[in-house]
>>> print(open('protein_4.csv').read())   # CSV, C-alpha atoms
chain,number,residue,atom,x,y,z
M,256,MET,CA,8.9,-11.3,8.8
M,257,THR,CA,9.5,-8.3,11.1
M,258,GLU,CA,7.1,-5.4,11.3
M,259,ASP,CA,9.4,-3.1,9.3
M,260,SER,CA,9.8,-5.7,6.6
M,261,GLN,CA,6.1,-6.2,6.4
M,262,ARG,CA,5.6,-2.4,6.1
M,263,ASN,CA,8.2,-2.2,3.4
M,264,PHE,CA,6.7,-5.1,1.5
M,265,ARG,CA,3.2,-3.4,1.7
M,266,SER,CA,4.6,-0.1,0.5
M,267,VAL,CA,6.2,-1.7,-2.5
M,268,TYR,CA,3.1,-3.6,-3.3
M,269,TYR,CA,0.8,-0.5,-3.0
M,270,GLU,CA,3.2,1.5,-5.3
M,271,LYS,CA,3.2,-1.3,-7.9
M,272,VAL,CA,-0.6,-1.4,-8.1
M,273,GLY,CA,-0.9,2.3,-8.3
M,274,PHE,CA,-1.7,3.2,-4.7
M,275,ARG,CA,1.6,4.8,-3.8
M,276,GLY,CA,1.5,6.6,-0.4
M,277,VAL,CA,-1.3,4.5,1.2
M,278,GLU,CA,0.9,3.2,4.0
M,279,GLU,CA,2.5,6.7,4.5
M,280,LYS,CA,-1.0,8.3,4.8
M,281,LYS,CA,-1.9,5.7,7.4
M,282,SER,CA,1.3,6.4,9.4
M,283,LEU,CA,0.6,10.1,9.3
M,284,GLU,CA,-2.9,9.6,10.5
M,285,ILE,CA,-1.6,7.6,13.5
M,286,LEU,CA,0.8,10.5,14.3
M,287,LEU,CA,-2.0,13.0,14.1
M,288,LYS,CA,-4.3,11.1,16.5
M,289,ASP,CA,-1.9,11.8,19.4
M,290,ASP,CA,-3.3,14.3,22.0
M,291,CYS,CA,0.2,15.9,21.9
M,292,LEU,CA,1.7,15.9,18.4
M,293,ASP,CA,5.3,14.7,18.1
M,294,ILE,CA,7.1,17.5,16.3
M,295,GLU,CA,10.3,15.5,15.6
M,296,LYS,CA,8.3,12.6,14.0
M,297,LEU,CA,6.3,15.0,11.9
M,298,CYS,CA,9.5,16.7,10.7
M,299,THR,CA,11.0,13.3,9.8
M,300,PHE,CA,7.8,12.2,8.0
M,301,SER,CA,7.6,15.5,6.0
M,302,GLN,CA,11.2,15.1,4.9
M,303,ARG,CA,10.8,11.5,3.8
M,304,PHE,CA,7.4,11.6,2.1
M,305,PRO,CA,5.1,14.1,0.4
M,306,LEU,CA,2.4,15.3,2.7
M,307,PRO,CA,-1.2,14.3,1.8
M,308,SER,CA,-3.0,17.5,0.7
M,309,MET,CA,-5.8,17.0,3.2
M,310,TYR,CA,-3.3,17.2,6.1
M,311,ARG,CA,-0.8,19.6,4.7
M,312,ALA,CA,-2.2,22.8,6.2
M,313,LEU,CA,-2.4,21.3,9.7
M,314,VAL,CA,1.1,19.8,9.6
M,315,TRP,CA,2.6,23.0,8.2
M,316,LYS,CA,0.9,25.1,11.0
M,317,VAL,CA,2.2,22.8,13.7
M,318,LEU,CA,5.8,22.6,12.3
M,319,LEU,CA,5.9,26.4,11.9
M,320,GLY,CA,4.7,27.0,15.5
M,321,ILE,CA,1.5,28.6,14.4
M,322,LEU,CA,-0.4,25.9,16.2
M,323,PRO,CA,0.8,24.2,19.4
M,324,PRO,CA,1.3,20.4,19.6
M,325,HIS,CA,-1.8,20.0,21.8
M,326,HIS,CA,-5.0,19.5,19.8
M,327,GLU,CA,-7.3,21.0,22.5
M,328,SER,CA,-5.6,24.4,22.2
M,329,HIS,CA,-5.9,24.7,18.4
M,330,ALA,CA,-9.2,26.6,18.1
M,331,GLN,CA,-8.2,29.3,20.7
M,332,VAL,CA,-4.7,29.7,19.4
M,333,MET,CA,-5.9,30.0,15.8
M,334,MET,CA,-8.2,32.9,16.9
M,335,TYR,CA,-5.2,34.7,18.5
M,336,ARG,CA,-3.1,34.0,15.3
M,337,LYS,CA,-5.7,35.7,13.1
M,338,GLU,CA,-5.6,38.8,15.3
M,339,GLN,CA,-1.8,38.7,15.2
M,340,TYR,CA,-1.9,38.5,11.4
M,341,SER,CA,-4.1,41.6,11.2
M,342,ASP,CA,-1.8,43.5,13.6
M,343,VAL,CA,1.4,42.7,11.7
M,344,LEU,CA,-0.2,43.6,8.3
M,345,HIS,CA,-1.4,46.9,9.7
M,346,ALA,CA,2.1,47.6,11.1
M,347,LEU,CA,3.7,47.1,7.7
M,348,GLU,CA,1.2,49.4,6.1
M,349,VAL,CA,1.9,52.1,8.7
M,350,ILE,CA,5.7,52.0,8.2
M,351,ARG,CA,5.1,51.9,4.4
M,352,PHE,CA,6.9,48.6,3.7
M,353,ILE,CA,3.9,47.4,1.8
M,354,SER,CA,1.0,48.9,-0.2
M,355,ASP,CA,-2.0,47.7,-2.2
M,356,ALA,CA,0.4,47.2,-5.1
M,357,THR,CA,2.8,44.9,-3.2
M,358,PRO,CA,2.7,41.3,-4.5
M,359,GLN,CA,1.1,39.0,-2.0
M,360,VAL,CA,4.2,36.7,-1.8
M,361,GLU,CA,6.3,39.8,-0.8
M,362,VAL,CA,3.7,40.8,1.8
M,363,TYR,CA,4.1,37.4,3.5
M,364,LEU,CA,7.9,37.6,3.3
M,365,TYR,CA,7.8,41.1,5.0
M,366,MET,CA,5.4,39.8,7.7
M,367,HIS,CA,7.8,36.9,8.5
M,368,ARG,CA,10.8,39.2,8.5
M,369,LEU,CA,9.0,41.7,10.9
M,370,GLU,CA,7.9,38.8,13.2
M,371,SER,CA,11.5,37.4,13.3
M,372,GLY,CA,13.2,40.8,13.8
M,373,LYS,CA,14.9,40.7,10.4
M,374,LEU,CA,13.4,43.8,8.7
M,375,PRO,CA,14.7,45.2,6.5
M,376,ARG,CA,15.9,42.1,4.7
M,377,ASN,CA,19.5,41.0,5.0
M,378,PRO,CA,20.8,40.3,1.5
M,379,SER,CA,23.7,38.0,2.7
M,380,PHE,CA,22.9,34.3,2.6
M,381,ALA,CA,24.9,31.2,1.7
M,382,LEU,CA,22.6,29.2,-0.5
M,383,PRO,CA,24.1,30.6,-3.8
M,384,LYS,CA,27.5,29.2,-2.8
M,385,ALA,CA,26.0,25.8,-2.0
M,386,PHE,CA,24.3,26.0,-5.4
M,387,GLU,CA,27.6,26.5,-7.2
M,388,GLN,CA,29.2,23.6,-5.2
M,389,TYR,CA,26.6,21.0,-6.0
M,390,LEU,CA,26.1,22.1,-9.6
M,391,ASN,CA,29.9,21.7,-10.0
M,392,LEU,CA,29.6,18.2,-8.7
M,393,GLU,CA,26.8,17.3,-11.0
M,394,ASP,CA,27.9,19.1,-14.2
M,395,SER,CA,31.1,21.1,-14.0
M,396,ARG,CA,30.8,22.0,-17.7
M,397,LEU,CA,27.4,23.6,-17.2
M,398,LEU,CA,28.8,25.7,-14.3
M,399,ARG,CA,31.8,26.8,-16.5
M,400,HIS,CA,29.3,28.0,-19.2
M,401,LEU,CA,27.5,30.1,-16.6
M,402,LYS,CA,30.7,31.6,-15.4
M,403,THR,CA,31.9,32.3,-19.0
M,404,SER,CA,28.6,34.0,-19.6
M,405,SER,CA,29.0,36.1,-16.5
M,406,ALA,CA,25.6,34.7,-15.3
M,407,VAL,CA,26.5,33.1,-12.0
M,408,SER,CA,26.1,36.3,-10.0
M,409,LYS,CA,22.9,37.3,-11.9
M,410,LEU,CA,20.9,34.1,-11.6
M,411,PRO,CA,17.4,34.5,-10.0
M,412,TYR,CA,18.5,33.8,-6.5
M,413,ASP,CA,15.8,35.9,-4.9
M,414,LEU,CA,13.1,33.9,-6.8
M,415,TRP,CA,14.8,30.7,-5.8
M,416,PHE,CA,16.0,31.2,-2.3
M,417,LYS,CA,14.1,34.1,-0.8
M,418,ARG,CA,10.7,33.4,-2.4
M,419,CYS,CA,11.4,29.7,-2.2
M,420,PHE,CA,10.3,29.2,-5.9
M,421,ALA,CA,6.9,30.9,-5.4
M,422,GLY,CA,6.1,32.4,-8.8
M,423,CYS,CA,8.4,29.9,-10.4
M,424,LEU,CA,6.9,26.5,-9.8
M,425,PRO,CA,3.1,25.6,-10.0
M,426,GLU,CA,1.4,25.1,-6.7
M,427,SER,CA,1.3,21.3,-6.8
M,428,SER,CA,5.1,21.1,-7.3
M,429,LEU,CA,5.7,24.0,-4.9
M,430,GLN,CA,3.9,22.3,-2.0
M,431,ARG,CA,6.3,19.3,-2.2
M,432,VAL,CA,9.3,21.6,-1.9
M,433,TRP,CA,7.8,23.6,0.9
M,434,ASP,CA,7.1,20.3,2.8
M,435,LYS,CA,10.8,19.9,3.1
M,436,VAL,CA,11.5,23.6,3.8
M,437,ILE,CA,8.9,23.9,6.6
M,438,SER,CA,10.2,20.7,8.2
M,439,GLY,CA,13.6,22.2,8.5
M,440,SER,CA,15.6,21.5,5.3
M,441,CYS,CA,16.2,24.8,3.4
M,442,LYS,CA,18.9,23.0,1.4
M,443,ILE,CA,16.2,21.4,-0.8
M,444,LEU,CA,16.0,24.8,-2.5
M,445,VAL,CA,19.6,24.4,-3.7
M,446,PHE,CA,18.9,21.0,-5.3
M,447,VAL,CA,15.7,22.3,-7.0
M,448,ALA,CA,17.8,25.1,-8.5
M,449,VAL,CA,20.5,22.6,-9.6
M,450,GLU,CA,17.9,20.3,-11.1
M,451,ILE,CA,16.3,23.2,-13.0
M,452,LEU,CA,19.7,23.8,-14.6
M,453,LEU,CA,20.3,20.1,-15.3
M,454,THR,CA,16.8,19.7,-16.8
M,455,PHE,CA,17.2,22.6,-19.2
M,456,LYS,CA,20.9,22.2,-19.8
M,457,ILE,CA,20.7,22.1,-23.6
M,458,LYS,CA,18.6,25.3,-23.7
M,459,VAL,CA,20.9,27.1,-21.2
M,460,MET,CA,24.1,26.0,-23.0
M,461,ALA,CA,22.7,27.4,-26.2
M,462,LEU,CA,22.2,30.8,-24.6
M,463,ASN,CA,25.0,33.3,-24.4
M,464,GLY,CA,24.9,36.3,-22.0
M,465,ALA,CA,23.7,36.6,-18.5
M,466,GLU,CA,20.5,38.4,-19.3
M,467,LYS,CA,19.2,35.8,-21.7
M,468,ILE,CA,20.0,32.9,-19.3
M,469,THR,CA,18.4,34.7,-16.3
M,470,LYS,CA,15.3,35.6,-18.3
M,471,PHE,CA,14.8,32.0,-19.3
M,472,LEU,CA,15.3,30.7,-15.8
M,473,GLU,CA,12.8,33.1,-14.4
M,474,ASN,CA,10.1,31.7,-16.7
M,475,ILE,CA,10.8,28.0,-17.1
M,476,PRO,CA,8.3,25.8,-18.8
M,477,GLN,CA,5.7,24.5,-16.2
M,478,ASP,CA,5.2,21.1,-17.7
M,479,SER,CA,8.4,19.7,-16.3
M,480,SER,CA,7.9,20.9,-12.7
M,481,ASP,CA,6.8,17.7,-11.1
M,482,ALA,CA,9.7,15.8,-12.6
M,483,ILE,CA,12.2,18.5,-11.6
M,484,VAL,CA,11.0,18.4,-8.0
M,485,SER,CA,11.2,14.6,-7.9
M,486,LYS,CA,14.7,14.5,-9.3
M,487,ALA,CA,15.7,17.4,-6.9
M,488,ILE,CA,14.5,15.3,-3.9
M,489,ASP,CA,16.6,12.4,-5.2
M,490,LEU,CA,19.6,14.7,-5.5
M,491,TRP,CA,19.0,16.0,-2.0
M,492,HIS,CA,18.9,12.4,-0.6
M,493,LYS,CA,22.0,11.5,-2.7
M,494,HIS,CA,24.1,14.4,-1.2
M,495,CYS,CA,22.6,14.8,2.2
M,496,GLY,CA,21.3,11.3,3.1
M,497,THR,CA,17.7,10.1,3.8
M,498,PRO,CA,16.1,11.2,7.1
M,499,VAL,CA,15.4,8.3,9.4
M,500,HIS,CA,12.3,7.8,11.4
M,501,SER,CA,12.6,8.5,15.1
M,502,ALA,CA,11.9,5.7,17.5
>>> encode(input="protein_4.csv", output="structure tokens")
Amino acid sequence: MTEDSQRNFRSVYYEKVGFRGVEEKKSLEILLKDDCLDIEKLCTFSQRFPLPSMYRALVWKVLLGILPPHHESHAQVMMYRKEQYSDVLHALEVIRFISDATPQVEVYLYMHRLESGKLPRNPSFALPKAFEQYLNLEDSRLLRHLKTSSAVSKLPYDLWFKRCFAGCLPESSLQRVWDKVISGSCKILVFVAVEILLTFKIKVMALNGAEKITKFLENIPQDSSDAIVSKAIDLWHKHCGTPVHSA
């Protein structure tokens, strides 16, 4: 039996006995022991598997470029980053983009935009078109209902694609989505939106009028969130393929 076959056999066994992710956690720990972290391999891992909560913050910081790949520099760089955070926050307050009443999620968005030179926000983005495309492939009747109700242009795209479902999904589900976004796959957001529509199809089909549909989608029941994210990841793999580990 080859090494890959043994690994696959162990993964299936662990999953059957209720220890799903044991092998994946060990693989990640091996990657994190390197003196210089391999960004490409961490990206691939994050796109294939949910990150263990104990390592999520570290991996996110490295993938986002907040921390460098070299372990020995982490403490000093983190000190600089905290100073940078304070400076950017102060700058947004001075130019009156934020105030004490600004929701925290919007503060973070403005900070990112300022850092990346995209302030004020550019409203033009292509994810809504991709959403229509994939929803049509999965359930064309549902998309026709949205169009008949004049709801397509009024769906909560800001909540879905600019806030990346912050304020829509509970934290445990949100983290699994952001694992994929932070590792380079913003398209996962499209499939989460599609799966939300598919999951609540009966409810949405019973609603007439854009306002009612949008209001429901902005406040979806939380108890289905984990299942929605799991099915969305399956849809993402179905349409975009499964990332392959680098050699």
>>> atom_distance(input="protein_4.csv", atom1="CA of Val484 (chain M)", atom2="CA of Pro425 (chain M)")
10.9 Å
>>> residues_around(input="protein_4.csv", residues="region 438-444 of chain M", least_positions_apart="6", cutoff="9 Å", atoms="only C-alpha atoms", output="list in words")
Leu297, Cys298, Thr299, Phe300, Ser301, Gln302, Trp315, Leu318, Leu319, Leu382, Ala385, Phe386, Trp415, Phe416, Cys419, Phe420, Val432, Ala487, Ile488, Leu490 and Trp491 of chain M
>>> closest_residue(input="protein_4.csv", among="M:Ser428, M:Ser485, M:Ser404, M:Ser328", to="Leu462 (chain M)", atoms="only C-alpha atoms")
M:Ser404
>>> atom_distance(input="protein_4.csv", atom1="CA of Trp433 (chain M)", atom2="CA of Phe455 (chain M)")
22.2 Å
>>> closest_residue(input="protein_4.csv", among="M:Lys486, M:Lys456, M:Lys337, M:Lys417", to="Val436 (chain M)", atoms="only C-alpha atoms")
M:Lys417
>>> atom_distance(input="protein_4.csv", atom1="CA of Ser405 (chain M)", atom2="CA of Ala465 (chain M)")
5.7 Å
>>> residues_near_point(input="protein_4.csv", point="(18.9, 23.5, -17.4)", cutoff="10 Å", atoms="all atoms listed in the file", output="list of chain:residue names")
M:Leu397, M:Ala448, M:Val449, M:Glu450, M:Ile451, M:Leu452, M:Leu453, M:Thr454, M:Phe455, M:Lys456, M:Ile457, M:Lys458, M:Val459, M:Met460, M:Ile468, M:Phe471, M:Leu472, M:Ile475
>>> write_last_selection(input="protein_4.csv", atoms="C-alpha atoms", output="PDB file, keeping the file's coordinate frame")
ATOM      1  CA  LEU M 397      27.400  23.600 -17.200  1.00  0.00           C
ATOM      2  CA  ALA M 448      17.800  25.100  -8.500  1.00  0.00           C
ATOM      3  CA  VAL M 449      20.500  22.600  -9.600  1.00  0.00           C
ATOM      4  CA  GLU M 450      17.900  20.300 -11.100  1.00  0.00           C
ATOM      5  CA  ILE M 451      16.300  23.200 -13.000  1.00  0.00           C
ATOM      6  CA  LEU M 452      19.700  23.800 -14.600  1.00  0.00           C
ATOM      7  CA  LEU M 453      20.300  20.100 -15.300  1.00  0.00           C
ATOM      8  CA  THR M 454      16.800  19.700 -16.800  1.00  0.00           C
ATOM      9  CA  PHE M 455      17.200  22.600 -19.200  1.00  0.00           C
ATOM     10  CA  LYS M 456      20.900  22.200 -19.800  1.00  0.00           C
ATOM     11  CA  ILE M 457      20.700  22.100 -23.600  1.00  0.00           C
ATOM     12  CA  LYS M 458      18.600  25.300 -23.700  1.00  0.00           C
ATOM     13  CA  VAL M 459      20.900  27.100 -21.200  1.00  0.00           C
ATOM     14  CA  MET M 460      24.100  26.000 -23.000  1.00  0.00           C
ATOM     15  CA  ILE M 468      20.000  32.900 -19.300  1.00  0.00           C
ATOM     16  CA  PHE M 471      14.800  32.000 -19.300  1.00  0.00           C
ATOM     17  CA  LEU M 472      15.300  30.700 -15.800  1.00  0.00           C
ATOM     18  CA  ILE M 475      10.800  28.000 -17.100  1.00  0.00           C
TER      19      ILE M 475
END
>>> closest_residue(input="protein_4.csv", among="M:His345, M:Lys493, M:Arg368, M:Phe304", to="Leu392 (chain M)", atoms="only C-alpha atoms")
M:Lys493
>>> closest_residue(input="protein_4.csv", among="M:Asp434, M:Leu344, M:Asp413, M:Val317", to="Ile294 (chain M)", atoms="only C-alpha atoms")
M:Val317
>>> residues_near_point(input="protein_4.csv", point="(2.1, 45.7, 4.5)", cutoff="12 Å", atoms="all atoms listed in the file", output="number ranges by chain")
M: 340-369
>>> write_last_selection(input="protein_4.csv", atoms="C-alpha atoms", output="short mmCIF file (atom, residue, chain, number, x, y, z; two decimals), in the frame of the given file")
data_model
loop_
_atom_site.label_atom_id
_atom_site.label_comp_id
_atom_site.auth_asym_id
_atom_site.auth_seq_id
_atom_site.Cartn_x
_atom_site.Cartn_y
_atom_site.Cartn_z
CA TYR M 340 -1.90 38.50 11.40
CA SER M 341 -4.10 41.60 11.20
CA ASP M 342 -1.80 43.50 13.60
CA VAL M 343 1.40 42.70 11.70
CA LEU M 344 -0.20 43.60 8.30
CA HIS M 345 -1.40 46.90 9.70
CA ALA M 346 2.10 47.60 11.10
CA LEU M 347 3.70 47.10 7.70
CA GLU M 348 1.20 49.40 6.10
CA VAL M 349 1.90 52.10 8.70
CA ILE M 350 5.70 52.00 8.20
CA ARG M 351 5.10 51.90 4.40
CA PHE M 352 6.90 48.60 3.70
CA ILE M 353 3.90 47.40 1.80
CA SER M 354 1.00 48.90 -0.20
CA ASP M 355 -2.00 47.70 -2.20
CA ALA M 356 0.40 47.20 -5.10
CA THR M 357 2.80 44.90 -3.20
CA PRO M 358 2.70 41.30 -4.50
CA GLN M 359 1.10 39.00 -2.00
CA VAL M 360 4.20 36.70 -1.80
CA GLU M 361 6.30 39.80 -0.80
CA VAL M 362 3.70 40.80 1.80
CA TYR M 363 4.10 37.40 3.50
CA LEU M 364 7.90 37.60 3.30
CA TYR M 365 7.80 41.10 5.00
CA MET M 366 5.40 39.80 7.70
CA HIS M 367 7.80 36.90 8.50
CA ARG M 368 10.80 39.20 8.50
CA LEU M 369 9.00 41.70 10.90
#
>>> closest_residue(input="protein_4.csv", among="M:Ile437, M:Met334, M:Cys495, M:Val445", to="Arg311 (chain M)", atoms="only C-alpha atoms")
M:Ile437
>>> closest_residue(input="protein_4.csv", among="M:Lys409, M:Tyr335, M:Pro324, M:Ala381", to="Asp289 (chain M)", atoms="only C-alpha atoms")
M:Pro324
